[in-house]
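Trainee: Okay, handing you the structure first.
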Amino acid sequence: LDGLSGLRKDNTGYDLRDLFIGAEGTLGVITAATVKLFPLPRARVTVLVSLRDPEAAVELLSRLRAASSDRLVTFELMPRIAIDLVLQHIPNTADPFAAPHPWYVLLEATAQHADALQEDIARALALAQEQDVIRDAALAQSESQREMFWRLRESVPEAQTRAGGSIKHDVSVAISDIAAFIRRGTALCLQQIPEGRVVCYGHLGDGSLHFNVNAPEHGDRNAFFAQAPALNRAMHDLTREYRGSISAEHGIGQLKTQELARYKHPVALSLMQTLKKALDPNGVMNPGKVIAAR
Ligand code: LAC
Ligand code: ZN
């Protein structure tokens with residue numbers, strides 16, 4: 001399924017609405033569902049971590065998944081440039097550490113018992129720091145500090161817009177490939193648009209990334225955005241090479257119907273069209289989305 005988001009600040013987990021948001025109201029056949037109830041978590045730990053590179057972030061993710069017995073609910077990756085843009089364009093934000101770092105992760109874990117959770121996470125982070133997997137870590141000590149950490153992360157899209165806008169990609173690959181993908185994707189973006197500013201951030205816990213390239217601060221914006229189709233093509237080809245998704249979180253919509261036609265296997269696409277026609281013969285359900293009008 002395309003279209004699941006990892007950014008779930010309320011810790012309610014996924015639900016059927018998520019699935020149908022992903023389906024954009026066009027296709028969605030649920031043939032069976034298993035529902036399990038969990039008690040609302042009573043404890044939550046929020047940490048902002050700084051690290052050297054995406055490889056370290058992937059290593060940290062696997063350590064924390066083990067240390068928290070899979071109670072990790074948020075794992076968001078941000079490069080320094082994202083923090084810089086937020087600090088520059090969004091009021092009431094502050095640098096979280098005394099010195100800048102190349103990459104950051106905002107993570108959250110939940111549980112029934114605060115002490116045990118905090119201990120498990122703190123121990124794993126201390127070991128990671130000792131072994132040079134992370135550089136620094138700040139545990140939110142209050143709800144307002146937690147809000148501050150989230151504000152940094154959630155303001156990235158707005159900061160990007162205020163900084164002149166970006167050419168966007170909404171992609172996912174296997175988590176085991178993500179570090180290599182970021183390296184190659186960044187090189188590809190800079191090769192195509194040397195003056196662009198790569199801002200690659202997002203839901204690392206889900207393997208999903210916003211691989212955006214911001215317009216240069218000064219210079220010809222029209223010339224910059226004219227390069228979008230070529231860059232989209234190159235980035236989506238790279239994503240295909242990694243067997244990833246070209247619409248990881250925000251769906252195909254109207255903008256990517258041609259892309260879908262290019263990257264989806266023809267048999268899969270034709271099955272989607274057949275299903276769509278059978279369920280919505282008059283084309284009244286979200287017309288023009290996902291499947292191009294024919
Ligand atoms: C985010 C939105 C853009 O992750 O999906 O901030
Ligand atoms: Zn997102």
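Note on naming: chains are A, B, ... as they come in the structure tokens, residues start from 1 per chain, ligands start from 1 in the order shown.
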Using the chain letters and numbers from this document, which residues of range 64-125 of chain A does DSSP assign to strand (DSSP E), as a list in words?

Mentor: Leu72, Val73, Thr74, Phe75, Glu76, Leu77, Met78, Pro79, Trp103, Tyr104, Val105, Leu106, Leu107, Glu108, Ala109, Thr110 and Ala111 of chain A

Trainee: Save the residues we just selected, N, CA, C and O atoms, as a PDB file, in the first residue's frame?

Mentor:
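Contents of out-v5.pdb, as written:
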```pdb
ATOM      1  N   LEU A  72       9.016   1.825  19.668  1.00  0.00           N
ATOM      2  CA  LEU A  72       9.377   3.064  18.979  1.00  0.00           C
ATOM      3  C   LEU A  72       8.204   3.487  18.094  1.00  0.00           C
ATOM      4  O   LEU A  72       7.734   2.697  17.290  1.00  0.00           O
ATOM      5  N   VAL A  73       7.723   4.714  18.242  1.00  0.00           N
ATOM      6  CA  VAL A  73       6.594   5.153  17.420  1.00  0.00           C
ATOM      7  C   VAL A  73       6.970   6.279  16.456  1.00  0.00           C
ATOM      8  O   VAL A  73       6.208   6.595  15.551  1.00  0.00           O
ATOM      9  N   THR A  74       8.106   6.896  16.667  1.00  0.00           N
ATOM     10  CA  THR A  74       8.562   7.970  15.789  1.00  0.00           C
ATOM     11  C   THR A  74      10.052   7.834  15.578  1.00  0.00           C
ATOM     12  O   THR A  74      10.790   7.588  16.534  1.00  0.00           O
ATOM     13  N   PHE A  75      10.477   7.985  14.328  1.00  0.00           N
ATOM     14  CA  PHE A  75      11.919   8.019  14.059  1.00  0.00           C
ATOM     15  C   PHE A  75      12.121   8.866  12.813  1.00  0.00           C
ATOM     16  O   PHE A  75      12.037   8.388  11.690  1.00  0.00           O
ATOM     17  N   GLU A  76      12.346  10.159  13.036  1.00  0.00           N
ATOM     18  CA  GLU A  76      12.357  11.138  11.947  1.00  0.00           C
ATOM     19  C   GLU A  76      13.769  11.666  11.720  1.00  0.00           C
ATOM     20  O   GLU A  76      14.407  12.164  12.648  1.00  0.00           O
ATOM     21  N   LEU A  77      14.222  11.573  10.493  1.00  0.00           N
ATOM     22  CA  LEU A  77      15.579  12.010  10.139  1.00  0.00           C
ATOM     23  C   LEU A  77      15.553  13.437   9.587  1.00  0.00           C
ATOM     24  O   LEU A  77      14.653  13.793   8.830  1.00  0.00           O
ATOM     25  N   MET A  78      16.550  14.238   9.986  1.00  0.00           N
ATOM     26  CA  MET A  78      16.675  15.602   9.440  1.00  0.00           C
ATOM     27  C   MET A  78      18.144  15.935   9.216  1.00  0.00           C
ATOM     28  O   MET A  78      18.960  15.703  10.100  1.00  0.00           O
ATOM     29  N   PRO A  79      18.471  16.547   8.081  1.00  0.00           N
ATOM     30  CA  PRO A  79      19.839  17.027   7.885  1.00  0.00           C
ATOM     31  C   PRO A  79      19.997  18.413   8.500  1.00  0.00           C
ATOM     32  O   PRO A  79      19.012  19.092   8.762  1.00  0.00           O
ATOM     33  N   TRP A 103      23.566  15.609  11.023  1.00  0.00           N
ATOM     34  CA  TRP A 103      22.238  14.995  10.926  1.00  0.00           C
ATOM     35  C   TRP A 103      21.590  14.923  12.308  1.00  0.00           C
ATOM     36  O   TRP A 103      22.286  14.903  13.324  1.00  0.00           O
ATOM     37  N   TYR A 104      20.251  14.824  12.287  1.00  0.00           N
ATOM     38  CA  TYR A 104      19.481  14.731  13.541  1.00  0.00           C
ATOM     39  C   TYR A 104      18.400  13.666  13.395  1.00  0.00           C
ATOM     40  O   TYR A 104      17.914  13.413  12.290  1.00  0.00           O
ATOM     41  N   VAL A 105      18.014  13.076  14.523  1.00  0.00           N
ATOM     42  CA  VAL A 105      16.852  12.191  14.551  1.00  0.00           C
ATOM     43  C   VAL A 105      15.951  12.622  15.702  1.00  0.00           C
ATOM     44  O   VAL A 105      16.430  12.850  16.821  1.00  0.00           O
ATOM     45  N   LEU A 106      14.668  12.775  15.403  1.00  0.00           N
ATOM     46  CA  LEU A 106      13.676  12.978  16.459  1.00  0.00           C
ATOM     47  C   LEU A 106      12.994  11.634  16.676  1.00  0.00           C
ATOM     48  O   LEU A 106      12.438  11.068  15.728  1.00  0.00           O
ATOM     49  N   LEU A 107      13.073  11.105  17.887  1.00  0.00           N
ATOM     50  CA  LEU A 107      12.471   9.795  18.125  1.00  0.00           C
ATOM     51  C   LEU A 107      11.558   9.821  19.336  1.00  0.00           C
ATOM     52  O   LEU A 107      11.744  10.603  20.270  1.00  0.00           O
ATOM     53  N   GLU A 108      10.580   8.934  19.287  1.00  0.00           N
ATOM     54  CA  GLU A 108       9.678   8.763  20.428  1.00  0.00           C
ATOM     55  C   GLU A 108       9.385   7.297  20.629  1.00  0.00           C
ATOM     56  O   GLU A 108       9.246   6.532  19.672  1.00  0.00           O
ATOM     57  N   ALA A 109       9.282   6.934  21.900  1.00  0.00           N
ATOM     58  CA  ALA A 109       8.863   5.575  22.247  1.00  0.00           C
ATOM     59  C   ALA A 109       7.792   5.692  23.316  1.00  0.00           C
ATOM     60  O   ALA A 109       7.788   6.639  24.109  1.00  0.00           O
ATOM     61  N   THR A 110       6.872   4.729  23.334  1.00  0.00           N
ATOM     62  CA  THR A 110       5.807   4.768  24.342  1.00  0.00           C
ATOM     63  C   THR A 110       5.741   3.431  25.063  1.00  0.00           C
ATOM     64  O   THR A 110       6.195   2.402  24.550  1.00  0.00           O
ATOM     65  N   ALA A 111       5.166   3.459  26.252  1.00  0.00           N
ATOM     66  CA  ALA A 111       5.015   2.233  27.035  1.00  0.00           C
ATOM     67  C   ALA A 111       4.013   2.471  28.155  1.00  0.00           C
ATOM     68  O   ALA A 111       3.495   3.585  28.321  1.00  0.00           O
TER      69      ALA A 111
END
```

Trainee: Once you count only C-alpha atoms and all ligand atoms, which residues end up within 8 Å of ligand 1, and could you hand them over as a list in words?

Mentor: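 The residues within 8 Å of ligand 1, counting only C-alpha atoms and all ligand atoms, are Ser5, Leu7, Arg153, Glu154, Ser155, Val156, Pro157, Tyr201, Gly202, His203, His210, Glu249 and His250 of chain A.
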
Trainee: Mind dumping the selected residues with all heavy atoms as a compact mmCIF listing (two decimals), in the first residue's frame?

Mentor:
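Here's the written file part10.txt:
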```txt
# COMPACT_ATOMS: atom_id res chain seq x y z
N SER A 5 1.72 7.18 6.52
CA SER A 5 2.61 8.19 7.06
C SER A 5 3.15 7.76 8.41
O SER A 5 2.45 7.19 9.22
CB SER A 5 1.84 9.49 7.24
OG SER A 5 2.55 10.32 8.13
N LEU A 7 4.44 9.97 10.49
CA LEU A 7 4.44 11.12 11.38
C LEU A 7 3.14 11.11 12.20
O LEU A 7 2.19 11.77 11.87
CB LEU A 7 4.53 12.40 10.55
CG LEU A 7 4.85 13.69 11.30
CD1 LEU A 7 6.21 13.60 11.95
CD2 LEU A 7 4.81 14.86 10.35
N ARG A 153 10.90 19.76 13.71
CA ARG A 153 10.63 18.78 12.66
C ARG A 153 9.44 19.18 11.79
O ARG A 153 9.49 19.12 10.56
CB ARG A 153 10.41 17.40 13.30
CG ARG A 153 9.79 16.36 12.38
CD ARG A 153 10.65 16.09 11.15
NE ARG A 153 9.94 15.28 10.16
CZ ARG A 153 9.13 15.76 9.23
NH1 ARG A 153 8.93 17.07 9.11
NH2 ARG A 153 8.52 14.95 8.40
N GLU A 154 8.36 19.60 12.43
CA GLU A 154 7.14 19.86 11.66
C GLU A 154 7.21 21.14 10.85
O GLU A 154 6.42 21.33 9.93
CB GLU A 154 5.93 19.91 12.61
CG GLU A 154 5.60 18.54 13.18
CD GLU A 154 4.31 18.54 13.97
OE1 GLU A 154 4.10 19.48 14.74
OE2 GLU A 154 3.52 17.59 13.81
N SER A 155 8.15 22.01 11.17
CA SER A 155 8.25 23.27 10.43
C SER A 155 9.10 23.16 9.17
O SER A 155 9.20 24.13 8.41
CB SER A 155 8.87 24.35 11.33
OG SER A 155 8.10 24.54 12.48
N VAL A 156 9.71 22.01 8.95
CA VAL A 156 10.61 21.90 7.80
C VAL A 156 9.90 22.25 6.48
O VAL A 156 10.41 23.06 5.70
CB VAL A 156 11.31 20.52 7.74
CG1 VAL A 156 12.18 20.41 6.51
CG2 VAL A 156 12.13 20.27 8.99
N PRO A 157 8.70 21.68 6.19
CA PRO A 157 8.08 22.01 4.91
C PRO A 157 7.81 23.51 4.75
O PRO A 157 8.06 24.08 3.69
CB PRO A 157 6.76 21.23 4.93
CG PRO A 157 6.95 20.16 5.95
CD PRO A 157 7.93 20.68 6.96
N TYR A 201 14.76 14.64 4.20
CA TYR A 201 14.35 14.39 5.59
C TYR A 201 13.11 13.51 5.59
O TYR A 201 12.49 13.30 4.54
CB TYR A 201 14.02 15.72 6.30
CG TYR A 201 12.79 16.42 5.75
CD1 TYR A 201 11.55 16.25 6.33
CD2 TYR A 201 12.90 17.23 4.62
CE1 TYR A 201 10.43 16.89 5.80
CE2 TYR A 201 11.78 17.86 4.09
CZ TYR A 201 10.55 17.68 4.70
OH TYR A 201 9.45 18.30 4.17
N GLY A 202 12.75 13.02 6.76
CA GLY A 202 11.47 12.33 6.82
C GLY A 202 11.42 11.12 7.71
O GLY A 202 12.17 11.00 8.68
N HIS A 203 10.53 10.22 7.31
CA HIS A 203 10.07 9.16 8.19
C HIS A 203 10.96 7.92 8.04
O HIS A 203 10.54 6.90 7.49
CB HIS A 203 8.61 8.87 7.86
CG HIS A 203 7.83 10.12 7.55
ND1 HIS A 203 7.60 11.10 8.50
CD2 HIS A 203 7.31 10.61 6.40
CE1 HIS A 203 6.92 12.10 7.95
NE2 HIS A 203 6.74 11.83 6.67
N HIS A 210 11.35 12.59 2.28
CA HIS A 210 11.07 13.75 1.43
C HIS A 210 12.42 14.18 0.87
O HIS A 210 13.22 14.78 1.58
CB HIS A 210 10.42 14.87 2.25
CG HIS A 210 9.11 14.44 2.82
ND1 HIS A 210 8.02 14.22 2.02
CD2 HIS A 210 8.72 14.12 4.07
CE1 HIS A 210 7.00 13.81 2.77
NE2 HIS A 210 7.41 13.74 4.02
N GLU A 249 4.21 8.60 0.59
CA GLU A 249 3.34 9.08 1.67
C GLU A 249 2.14 9.84 1.14
O GLU A 249 1.05 9.70 1.67
CB GLU A 249 4.16 9.99 2.60
CG GLU A 249 3.37 10.50 3.78
CD GLU A 249 4.13 11.55 4.57
OE1 GLU A 249 5.28 11.89 4.21
OE2 GLU A 249 3.58 12.03 5.55
N HIS A 250 2.33 10.66 0.12
CA HIS A 250 1.28 11.59 -0.25
C HIS A 250 0.44 11.16 -1.44
O HIS A 250 -0.39 11.91 -1.91
CB HIS A 250 1.86 12.99 -0.47
CG HIS A 250 2.36 13.59 0.81
ND1 HIS A 250 1.53 14.25 1.68
CD2 HIS A 250 3.57 13.59 1.37
CE1 HIS A 250 2.22 14.65 2.74
NE2 HIS A 250 3.48 14.27 2.57
```

Trainee: Mind checking which residues fall within 9 Å of Gln227 in chain A, counting only C-alpha atoms, ignoring those fewer than 3 positions away in the same chain, and posting them as a list of chain:residue names?

Mentor: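 Returned residues: A:Ile167, A:Gln192, A:Ile193, A:Asn222, A:Ala223, A:Phe224, A:Ala230, A:Leu231, A:Asn232.
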
Trainee: For Val45 in chain A, find every residue with an atom within 12 Å (counting only C-alpha atoms), except residues of its own chain fewer than 3 positions away, and show them as a ChimeraX atom specification.

Mentor: /A:11,41-42,48,68,71-74,106-122,138-143,145-146

Trainee: Suppose you want the space between CA of Ile291 in chain A and CA of Gln273 in chain A; what is it in Å?

Mentor: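 Going from CA of Ile291 in chain A over to CA of Gln273 in chain A covers 6.9 Å.
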
Trainee: Quick one: of A:Leu204, A:Cys189, A:Val173, A:Val284, who's nearest to ligand 2, counting only C-alpha atoms and all ligand atoms?

Mentor: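 Using only C-alpha atoms and all ligand atoms, ligand 2 sits closest to A:Leu204.
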
Trainee: Pick out the residues sitting within 12 Å of Pro194 in chain A, and hand them over as a VMD selection string; count only C-alpha atoms, and ignore anything fewer than 6 positions along from it in its own chain.

Mentor: chain A and resid 186 to 188 213 to 216 224 227 231

Trainee: One number please: CA of Ala98 in chain A to CA of Leu51 in chain A, in Å, one decimal.

Mentor: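 For CA of Ala98 in chain A relative to CA of Leu51 in chain A, the distance reads 13.9 Å.
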
Trainee: Can you list, as a VMD selection string, all residues belonging to range 62-261 of chain A that DSSP tags as helix (DSSP H, G or I)?

Mentor: chain A and resid 62 to 67 80 to 89 114 to 130 143 to 154 156 to 162 175 to 192 204 to 206 221 to 225 228 to 241 257 to 261

Trainee: Given only C-alpha atoms and all ligand atoms as the basis, pick out the residue of A:Gly196, A:Gly205, A:Gly219, A:Gly283 nearest to ligand 2.

Mentor: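 The shortest atom-to-atom distance to ligand 2 comes from A:Gly205.
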
Trainee: Using only C-alpha atoms and all ligand atoms, can you tell me which of A:Arg44, A:Lys264, A:His169, A:Arg233 comes closest to ligand 2?

Mentor: A:His169

Trainee: Using only C-alpha atoms and all ligand atoms for the distances, tell me which of A:His265, A:Lys168, A:Thr274, A:Ala180 is nearest to ligand 2.

Mentor: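 Nearest candidate to ligand 2 out of A:His265, A:Lys168, A:Thr274, A:Ala180: A:Lys168.
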
Trainee: Have a look at A:Ala32, A:Leu275, A:Leu238, A:Cys200 and name the one nearest to ligand 2; count only C-alpha atoms and all ligand atoms.

Mentor: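 When distances to ligand 2 are compared using only C-alpha atoms and all ligand atoms, the smallest one comes from A:Cys200.
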
Trainee: Which residues, written as a PyMOL selection string, have at least one atom at most 9 Å from Leu152 in chain A, with only C-alpha atoms counted and residues fewer than 5 positions away on the same chain left out?

Mentor: chain A and resi 82-83+86-87+90+93-96+147

Trainee: Have a look at CA of Arg243 in chain A and CA of Ala261 in chain A and let me know their distance in Å, one decimal.

Mentor: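 One can read the CA of Arg243 in chain A to CA of Ala261 in chain A distance as 15.9 Å.
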